[in-house]
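Heads up, coords.txt below (compact mmCIF, N, CA and C atoms):
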# COMPACT_ATOMS: atom_id res chain seq x y z
N ARG A 1 71.98 -48.03 -16.27
CA ARG A 1 71.42 -49.35 -16.43
C ARG A 1 70.18 -49.52 -15.57
N VAL A 2 70.23 -49.00 -14.36
CA VAL A 2 69.08 -49.13 -13.46
C VAL A 2 67.89 -48.37 -14.03
N ARG A 3 68.13 -47.18 -14.56
CA ARG A 3 67.04 -46.41 -15.15
C ARG A 3 66.45 -47.15 -16.34
N ASP A 4 67.29 -47.74 -17.18
CA ASP A 4 66.81 -48.51 -18.33
C ASP A 4 65.96 -49.68 -17.87
N TYR A 5 66.42 -50.38 -16.84
CA TYR A 5 65.67 -51.51 -16.29
C TYR A 5 64.30 -51.04 -15.80
N ALA A 6 64.26 -49.93 -15.09
CA ALA A 6 63.00 -49.40 -14.57
C ALA A 6 62.08 -49.00 -15.73
N GLN A 7 62.64 -48.45 -16.78
CA GLN A 7 61.85 -48.02 -17.93
C GLN A 7 61.24 -49.22 -18.66
N VAL A 8 62.03 -50.27 -18.86
CA VAL A 8 61.58 -51.43 -19.63
C VAL A 8 60.70 -52.36 -18.80
N ARG A 9 61.07 -52.62 -17.57
CA ARG A 9 60.37 -53.61 -16.74
C ARG A 9 59.28 -53.03 -15.86
N HIS A 10 59.32 -51.74 -15.62
CA HIS A 10 58.37 -51.12 -14.69
C HIS A 10 57.84 -49.81 -15.31
N ASP A 11 57.43 -48.89 -14.51
CA ASP A 11 56.83 -47.66 -15.02
C ASP A 11 57.83 -46.53 -15.22
N GLY A 12 59.11 -46.82 -15.13
CA GLY A 12 60.14 -45.82 -15.35
C GLY A 12 60.61 -45.12 -14.10
N VAL A 13 59.92 -45.35 -12.98
CA VAL A 13 60.31 -44.74 -11.71
C VAL A 13 61.26 -45.68 -10.98
N VAL A 14 62.40 -45.15 -10.59
CA VAL A 14 63.38 -45.96 -9.86
C VAL A 14 63.11 -45.85 -8.38
N THR A 15 62.75 -46.97 -7.79
CA THR A 15 62.56 -47.06 -6.34
C THR A 15 63.69 -47.91 -5.78
N PRO A 16 63.89 -47.89 -4.47
CA PRO A 16 64.94 -48.76 -3.91
C PRO A 16 64.74 -50.24 -4.27
N ALA A 17 63.53 -50.72 -4.28
CA ALA A 17 63.28 -52.13 -4.61
C ALA A 17 63.61 -52.42 -6.07
N ILE A 18 63.22 -51.51 -6.97
CA ILE A 18 63.52 -51.70 -8.39
C ILE A 18 65.02 -51.61 -8.63
N ALA A 19 65.69 -50.69 -7.95
CA ALA A 19 67.15 -50.57 -8.09
C ALA A 19 67.84 -51.85 -7.63
N ALA A 20 67.39 -52.41 -6.52
CA ALA A 20 67.98 -53.65 -6.02
C ALA A 20 67.78 -54.79 -7.01
N ARG A 21 66.58 -54.89 -7.60
CA ARG A 21 66.33 -55.94 -8.59
C ARG A 21 67.20 -55.74 -9.83
N ALA A 22 67.33 -54.49 -10.27
CA ALA A 22 68.15 -54.22 -11.44
C ALA A 22 69.61 -54.59 -11.18
N LEU A 23 70.12 -54.25 -10.02
CA LEU A 23 71.51 -54.59 -9.70
C LEU A 23 71.71 -56.09 -9.62
N ASP A 24 70.69 -56.82 -9.15
CA ASP A 24 70.76 -58.28 -9.16
C ASP A 24 70.84 -58.81 -10.58
N VAL A 25 70.02 -58.25 -11.47
CA VAL A 25 70.02 -58.68 -12.87
C VAL A 25 71.38 -58.43 -13.50
N TYR A 26 71.98 -57.28 -13.20
CA TYR A 26 73.27 -56.93 -13.77
C TYR A 26 74.45 -57.49 -12.97
N GLU A 27 74.16 -58.29 -11.95
CA GLU A 27 75.18 -58.94 -11.12
C GLU A 27 76.15 -57.94 -10.49
N VAL A 28 75.58 -56.88 -9.94
CA VAL A 28 76.36 -55.88 -9.22
C VAL A 28 76.09 -56.06 -7.74
N ASP A 29 77.16 -56.23 -6.95
CA ASP A 29 76.97 -56.48 -5.52
C ASP A 29 76.79 -55.18 -4.75
N ALA A 30 76.62 -55.29 -3.46
CA ALA A 30 76.32 -54.13 -2.61
C ALA A 30 77.43 -53.09 -2.62
N ARG A 31 78.65 -53.49 -2.91
CA ARG A 31 79.77 -52.55 -2.94
C ARG A 31 79.98 -51.95 -4.33
N GLY A 32 79.23 -52.44 -5.31
CA GLY A 32 79.32 -51.91 -6.67
C GLY A 32 80.18 -52.73 -7.61
N LEU A 33 80.65 -53.89 -7.16
CA LEU A 33 81.48 -54.73 -8.01
C LEU A 33 80.61 -55.54 -8.96
N ASP A 34 81.03 -55.59 -10.23
CA ASP A 34 80.31 -56.40 -11.21
C ASP A 34 81.04 -57.73 -11.39
N ARG A 35 80.59 -58.50 -12.38
CA ARG A 35 81.16 -59.82 -12.61
C ARG A 35 82.66 -59.77 -12.87
N LEU A 36 83.12 -58.83 -13.69
CA LEU A 36 84.55 -58.73 -14.01
C LEU A 36 85.35 -58.35 -12.77
N ASP A 37 84.87 -57.39 -12.01
CA ASP A 37 85.57 -56.97 -10.79
C ASP A 37 85.74 -58.15 -9.84
N ARG A 38 84.66 -58.90 -9.62
CA ARG A 38 84.73 -60.05 -8.72
C ARG A 38 85.63 -61.15 -9.28
N ALA A 39 85.61 -61.34 -10.60
CA ALA A 39 86.48 -62.35 -11.21
C ALA A 39 87.95 -62.01 -11.01
N VAL A 40 88.30 -60.73 -11.19
CA VAL A 40 89.68 -60.29 -11.00
C VAL A 40 90.10 -60.51 -9.55
N LEU A 41 89.26 -60.07 -8.61
CA LEU A 41 89.61 -60.25 -7.20
C LEU A 41 89.68 -61.73 -6.83
N SER A 42 88.72 -62.50 -7.30
CA SER A 42 88.70 -63.93 -6.97
C SER A 42 89.96 -64.63 -7.48
N ALA A 43 90.34 -64.35 -8.72
CA ALA A 43 91.56 -64.95 -9.26
C ALA A 43 92.78 -64.52 -8.48
N LEU A 44 92.87 -63.23 -8.18
CA LEU A 44 94.00 -62.70 -7.43
C LEU A 44 94.12 -63.39 -6.07
N LEU A 45 93.00 -63.59 -5.40
CA LEU A 45 93.01 -64.19 -4.07
C LEU A 45 93.15 -65.71 -4.11
N ARG A 46 92.31 -66.35 -4.89
CA ARG A 46 92.25 -67.82 -4.87
C ARG A 46 93.38 -68.49 -5.65
N LEU A 47 93.74 -67.92 -6.79
CA LEU A 47 94.77 -68.56 -7.62
C LEU A 47 96.18 -68.09 -7.28
N PHE A 48 96.30 -66.83 -6.83
CA PHE A 48 97.63 -66.26 -6.64
C PHE A 48 97.89 -65.81 -5.20
N GLY A 49 97.07 -66.26 -4.26
CA GLY A 49 97.30 -65.98 -2.85
C GLY A 49 97.35 -64.51 -2.49
N GLY A 50 96.72 -63.66 -3.29
CA GLY A 50 96.71 -62.24 -3.01
C GLY A 50 97.78 -61.46 -3.75
N GLY A 51 98.65 -62.16 -4.48
CA GLY A 51 99.66 -61.49 -5.29
C GLY A 51 101.00 -61.39 -4.58
N PRO A 52 101.95 -60.75 -5.19
CA PRO A 52 101.83 -59.99 -6.42
C PRO A 52 101.74 -60.87 -7.66
N VAL A 53 101.00 -60.38 -8.65
CA VAL A 53 100.85 -61.08 -9.92
C VAL A 53 100.82 -60.04 -11.03
N GLY A 54 101.41 -60.40 -12.16
CA GLY A 54 101.46 -59.50 -13.30
C GLY A 54 100.12 -59.33 -13.98
N LEU A 55 99.95 -58.23 -14.66
CA LEU A 55 98.70 -57.90 -15.34
C LEU A 55 98.31 -58.96 -16.36
N SER A 56 99.24 -59.37 -17.22
CA SER A 56 98.89 -60.33 -18.27
C SER A 56 98.51 -61.69 -17.67
N THR A 57 99.18 -62.10 -16.62
CA THR A 57 98.84 -63.36 -15.96
C THR A 57 97.45 -63.29 -15.35
N LEU A 58 97.15 -62.19 -14.70
CA LEU A 58 95.83 -61.99 -14.10
C LEU A 58 94.75 -61.97 -15.18
N ALA A 59 95.02 -61.30 -16.29
CA ALA A 59 94.05 -61.22 -17.38
C ALA A 59 93.76 -62.60 -17.97
N VAL A 60 94.80 -63.40 -18.17
CA VAL A 60 94.61 -64.75 -18.70
C VAL A 60 93.76 -65.57 -17.73
N ALA A 61 94.00 -65.41 -16.44
CA ALA A 61 93.27 -66.17 -15.43
C ALA A 61 91.77 -65.87 -15.45
N VAL A 62 91.39 -64.66 -15.83
CA VAL A 62 89.97 -64.31 -15.86
C VAL A 62 89.40 -64.34 -17.28
N GLY A 63 90.22 -64.68 -18.26
CA GLY A 63 89.74 -64.79 -19.63
C GLY A 63 89.40 -63.47 -20.28
N GLU A 64 90.14 -62.44 -19.95
CA GLU A 64 89.93 -61.11 -20.52
C GLU A 64 91.24 -60.59 -21.10
N GLU A 65 91.12 -59.59 -21.95
CA GLU A 65 92.30 -58.92 -22.48
C GLU A 65 92.95 -58.12 -21.34
N ALA A 66 94.26 -58.02 -21.38
CA ALA A 66 94.98 -57.26 -20.35
C ALA A 66 94.50 -55.81 -20.31
N GLU A 67 94.23 -55.24 -21.47
CA GLU A 67 93.77 -53.85 -21.53
C GLU A 67 92.42 -53.68 -20.83
N THR A 68 91.55 -54.68 -20.95
CA THR A 68 90.24 -54.61 -20.30
C THR A 68 90.40 -54.62 -18.79
N VAL A 69 91.24 -55.51 -18.29
CA VAL A 69 91.48 -55.57 -16.85
C VAL A 69 92.09 -54.26 -16.37
N GLU A 70 93.09 -53.77 -17.10
CA GLU A 70 93.80 -52.56 -16.70
C GLU A 70 92.94 -51.30 -16.79
N GLU A 71 92.10 -51.19 -17.80
CA GLU A 71 91.35 -49.95 -18.03
C GLU A 71 89.94 -49.97 -17.48
N VAL A 72 89.36 -51.16 -17.27
CA VAL A 72 87.98 -51.24 -16.81
C VAL A 72 87.90 -51.63 -15.34
N ALA A 73 88.50 -52.76 -14.98
CA ALA A 73 88.36 -53.27 -13.61
C ALA A 73 89.31 -52.59 -12.62
N GLU A 74 90.58 -52.48 -12.98
CA GLU A 74 91.58 -51.98 -12.04
C GLU A 74 91.29 -50.60 -11.45
N PRO A 75 90.93 -49.60 -12.25
CA PRO A 75 90.72 -48.28 -11.65
C PRO A 75 89.67 -48.29 -10.53
N PHE A 76 88.58 -49.00 -10.75
CA PHE A 76 87.53 -49.07 -9.73
C PHE A 76 88.02 -49.83 -8.50
N LEU A 77 88.70 -50.96 -8.71
CA LEU A 77 89.18 -51.76 -7.58
C LEU A 77 90.22 -50.99 -6.77
N VAL A 78 91.06 -50.22 -7.43
CA VAL A 78 92.05 -49.40 -6.72
C VAL A 78 91.34 -48.31 -5.92
N ARG A 79 90.38 -47.62 -6.56
CA ARG A 79 89.64 -46.55 -5.85
C ARG A 79 88.89 -47.09 -4.64
N GLU A 80 88.39 -48.32 -4.75
CA GLU A 80 87.66 -48.94 -3.64
C GLU A 80 88.58 -49.49 -2.56
N GLY A 81 89.89 -49.45 -2.82
CA GLY A 81 90.85 -49.94 -1.83
C GLY A 81 90.92 -51.46 -1.74
N LEU A 82 90.57 -52.14 -2.85
CA LEU A 82 90.57 -53.59 -2.87
C LEU A 82 91.81 -54.17 -3.57
N LEU A 83 92.46 -53.37 -4.37
CA LEU A 83 93.61 -53.82 -5.15
C LEU A 83 94.65 -52.70 -5.15
N ALA A 84 95.91 -53.09 -5.16
CA ALA A 84 97.00 -52.11 -5.25
C ALA A 84 97.95 -52.54 -6.36
N ARG A 85 98.48 -51.55 -7.06
CA ARG A 85 99.48 -51.81 -8.09
C ARG A 85 100.85 -51.52 -7.49
N THR A 86 101.73 -52.50 -7.60
CA THR A 86 103.09 -52.34 -7.08
C THR A 86 104.07 -52.61 -8.22
N PRO A 87 105.34 -52.27 -8.03
CA PRO A 87 106.33 -52.59 -9.07
C PRO A 87 106.43 -54.09 -9.36
N ARG A 88 106.08 -54.93 -8.38
CA ARG A 88 106.16 -56.38 -8.57
C ARG A 88 104.89 -56.97 -9.15
N GLY A 89 103.79 -56.19 -9.18
CA GLY A 89 102.53 -56.69 -9.72
C GLY A 89 101.35 -56.25 -8.88
N ARG A 90 100.20 -56.79 -9.22
CA ARG A 90 98.97 -56.44 -8.51
C ARG A 90 98.87 -57.25 -7.22
N ILE A 91 98.43 -56.58 -6.14
CA ILE A 91 98.23 -57.28 -4.88
C ILE A 91 96.85 -56.93 -4.33
N ALA A 92 96.28 -57.86 -3.61
CA ALA A 92 94.99 -57.65 -2.97
C ALA A 92 95.21 -57.01 -1.61
N THR A 93 94.28 -56.19 -1.20
CA THR A 93 94.35 -55.58 0.12
C THR A 93 93.54 -56.43 1.10
N ALA A 94 93.66 -56.11 2.37
CA ALA A 94 92.88 -56.82 3.39
C ALA A 94 91.39 -56.67 3.12
N ALA A 95 90.98 -55.52 2.60
CA ALA A 95 89.56 -55.29 2.30
C ALA A 95 89.06 -56.24 1.22
N ALA A 96 89.91 -56.62 0.28
CA ALA A 96 89.52 -57.57 -0.77
C ALA A 96 89.23 -58.93 -0.17
N TRP A 97 90.10 -59.39 0.72
CA TRP A 97 89.88 -60.68 1.38
C TRP A 97 88.57 -60.65 2.14
N GLN A 98 88.35 -59.57 2.84
CA GLN A 98 87.13 -59.44 3.64
C GLN A 98 85.89 -59.39 2.75
N HIS A 99 85.95 -58.65 1.66
CA HIS A 99 84.79 -58.51 0.79
C HIS A 99 84.34 -59.85 0.21
N LEU A 100 85.31 -60.70 -0.15
CA LEU A 100 84.96 -62.01 -0.70
C LEU A 100 84.79 -63.07 0.38
N GLY A 101 84.93 -62.67 1.63
CA GLY A 101 84.72 -63.61 2.73
C GLY A 101 85.79 -64.67 2.85
N LEU A 102 87.01 -64.33 2.46
CA LEU A 102 88.12 -65.28 2.51
C LEU A 102 89.10 -64.88 3.60
N THR A 103 89.87 -65.85 4.06
CA THR A 103 90.89 -65.61 5.07
C THR A 103 92.24 -65.43 4.38
N PRO A 104 92.91 -64.32 4.63
CA PRO A 104 94.22 -64.13 3.99
C PRO A 104 95.25 -65.11 4.54
N PRO A 105 96.27 -65.41 3.74
CA PRO A 105 97.33 -66.30 4.23
C PRO A 105 98.10 -65.63 5.38
N VAL A 106 98.83 -66.43 6.11
CA VAL A 106 99.63 -65.92 7.22
C VAL A 106 100.64 -64.92 6.68
N GLN A 107 100.68 -63.74 7.28
CA GLN A 107 101.63 -62.71 6.87
C GLN A 107 103.00 -63.03 7.47
N THR A 108 104.01 -62.86 6.68
CA THR A 108 105.38 -63.04 7.17
C THR A 108 106.15 -61.76 6.90
N THR A 109 107.20 -61.57 7.64
CA THR A 109 108.07 -60.43 7.37
C THR A 109 108.97 -60.79 6.20
N ARG A 110 109.48 -59.80 5.55
CA ARG A 110 110.32 -60.05 4.38
C ARG A 110 111.50 -60.94 4.74
N GLY A 111 111.63 -62.02 3.96
CA GLY A 111 112.76 -62.92 4.16
C GLY A 111 112.50 -64.01 5.19
N SER A 112 111.39 -63.93 5.91
CA SER A 112 111.14 -64.98 6.88
C SER A 112 110.26 -66.07 6.26
N VAL A 113 110.23 -67.17 6.92
CA VAL A 113 109.47 -68.32 6.44
C VAL A 113 108.30 -68.54 7.38
N PRO A 114 107.10 -68.86 6.84
CA PRO A 114 105.99 -69.13 7.74
C PRO A 114 106.30 -70.32 8.63
N PRO A 115 105.71 -70.38 9.82
CA PRO A 115 106.02 -71.48 10.72
C PRO A 115 105.65 -72.82 10.11
N GLN A 116 106.52 -73.80 10.36
CA GLN A 116 106.29 -75.16 9.85
C GLN A 116 105.38 -75.90 10.81
N PRO A 117 104.40 -76.64 10.28
CA PRO A 117 103.54 -77.41 11.19
C PRO A 117 104.35 -78.46 11.94
N GLU A 118 103.86 -78.82 13.10
CA GLU A 118 104.52 -79.83 13.91
C GLU A 118 104.46 -81.19 13.22
N LEU A 119 105.56 -81.93 13.26
CA LEU A 119 105.61 -83.25 12.65
C LEU A 119 104.99 -84.29 13.59
N PHE A 120 105.20 -84.12 14.89
CA PHE A 120 104.68 -85.06 15.86
C PHE A 120 103.74 -84.37 16.82
N ARG A 121 102.83 -85.10 17.38
CA ARG A 121 101.93 -84.55 18.40
C ARG A 121 102.71 -84.29 19.67
N PRO A 122 102.19 -83.38 20.52
CA PRO A 122 102.89 -83.08 21.77
C PRO A 122 103.11 -84.29 22.68
N ASP A 123 102.26 -85.32 22.55
CA ASP A 123 102.40 -86.50 23.40
C ASP A 123 103.45 -87.48 22.87
N GLY A 124 104.14 -87.10 21.78
CA GLY A 124 105.22 -87.92 21.24
C GLY A 124 104.78 -88.95 20.21
N SER A 125 103.51 -89.03 19.92
CA SER A 125 103.05 -90.04 18.95
C SER A 125 103.10 -89.55 17.53
Go ahead and render the structure in this file as structure tokens.
Amino acid sequence: RVRDYAQVRHDGVVTPAIAARALDVYEVDARGLDRLDRAVLSALLRLFGGGPVGLSTLAVAVGEEAETVEEVAEPFLVREGLLARTPRGRIATAAAWQHLGLTPPVQTTRGSVPPQPELFRPDGS
């Protein structure tokens, strides 16, 4: 795609500046994620708290066919260490939270409950 962009918009020579402009046009970020990749991660993090979530549910959330998510986005996200497939569903890794600039929810051990916020202030009010 970058070569095509350089051929059509410039003199056909790919320079770092032309490559950066082409990637902006194609909405590819510095890590190589495109619009679909970011949509899958964003839905997984923002809508499902990082997972686990099933493939079909994730696909519906991003408005894509399950096969597209599974065959196009998932392999790259798994290779990049941003998503993991588990028996319970897809989960986001710590790197995914970091890449999108989000804070992961409080981690709990299996079977434990996150701490409950205080009902009253320490001064008794």
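Atom CA of Ala66 of chain A to atom CA of Arg90 of chain A spans 12.5 Å [interatomic distance, one decimal].
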Next item on the list: Using only N, CA and C atoms, pick whichever of A:Asp29, A:Glu80, A:Glu64, A:Asp4 has the shortest atom-to-atom distance to Ala95 of chain A.
Entry: A:Glu80
Note to self: Let me make sure I understand: among A:Pro105, A:Gly32, A:Gly89, A:Pro75, which one has the smallest atom-to-atom distance to Leu55 of chain A if we use all atoms listed in the file?
What the structure shows: A:Gly89
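One distance worth recording is that between atom CA of Arg38 of chain A and atom C of Thr15 of chain A, which is 24.5 Å.
With atom N of Leu36 of chain A on one side and atom N of Ala94 of chain A on the other, the separation reads 19.4 Å.
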Note to self: Let me make sure I understand: among A:Asp37, A:Ala43, A:Ala17, A:Tyr5, which one has the smallest atom-to-atom distance to Phe76 of chain A if we use only N, CA and C atoms?
What the structure shows: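 Looking at the shortest contact to Phe76 of chain A, the residue is A:Asp37.
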Next item on the list: Enumerate the residues of chain A with a DSSP assignment of helix (DSSP H, G or I), computed from the backbone, and present them as a PyMOL selection string.
Entry: chain A and resi 2-9+16-25+35-47+55-62+66-79+94-99
Notebook entry, point to check: With only C-alpha atoms as the basis for distance, which of A:Val72, A:Leu41, A:Val8, A:Ala20 is at the shortest distance from Leu58 of chain A?
Noted result: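 That would be A:Leu41, the residue with the smallest distance to Leu58 of chain A.
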Check: Which is closer to Ala19 of chain A than all the others in A:Gln7, A:Leu83, A:Val2, A:Ser56, using only C-alpha atoms?
Finding: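 Ranked by minimum distance to Ala19 of chain A, first place goes to A:Val2.
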Item checked: Counting only N, CA and C atoms, the option among A:Gln98, A:Pro52, A:Thr86, A:Ala61 closest to Ala39 of chain A ->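 When distances to Ala39 of chain A are compared using only N, CA and C atoms, the smallest one comes from A:Ala61.
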Next item on the list: Would you mind writing down, as a list in words, each residue of chain A that DSSP on the backbone assigns to strand (DSSP E)?
Entry: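 The residues of chain A classed as strand (DSSP E) are Leu83, Ala84, Arg85, Thr86, Gly89, Arg90, Ile91 and Ala92 of chain A.
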Note to self: Taking (75.0, -56.9, -9.6) in the coordinates of the supplied file, I want to know which residues reach to within 9 Å of it, counting only C-alpha atoms; could you give the answer as a VMD selection string?
What the structure shows: chain A and resid 20 to 30 32 to 35
Is it possible to get the axis-aligned box enclosing segment 87-92 of chain A (all listed atoms, 3 Å extra per side) as AutoDock Vina command-line options, with centre and edge lengths in Å rounded to one decimal?
--center_x 100.7 --center_y -55.1 --center_z -5.7 --size_x 17.4 --size_y 11.6 --size_z 14.1
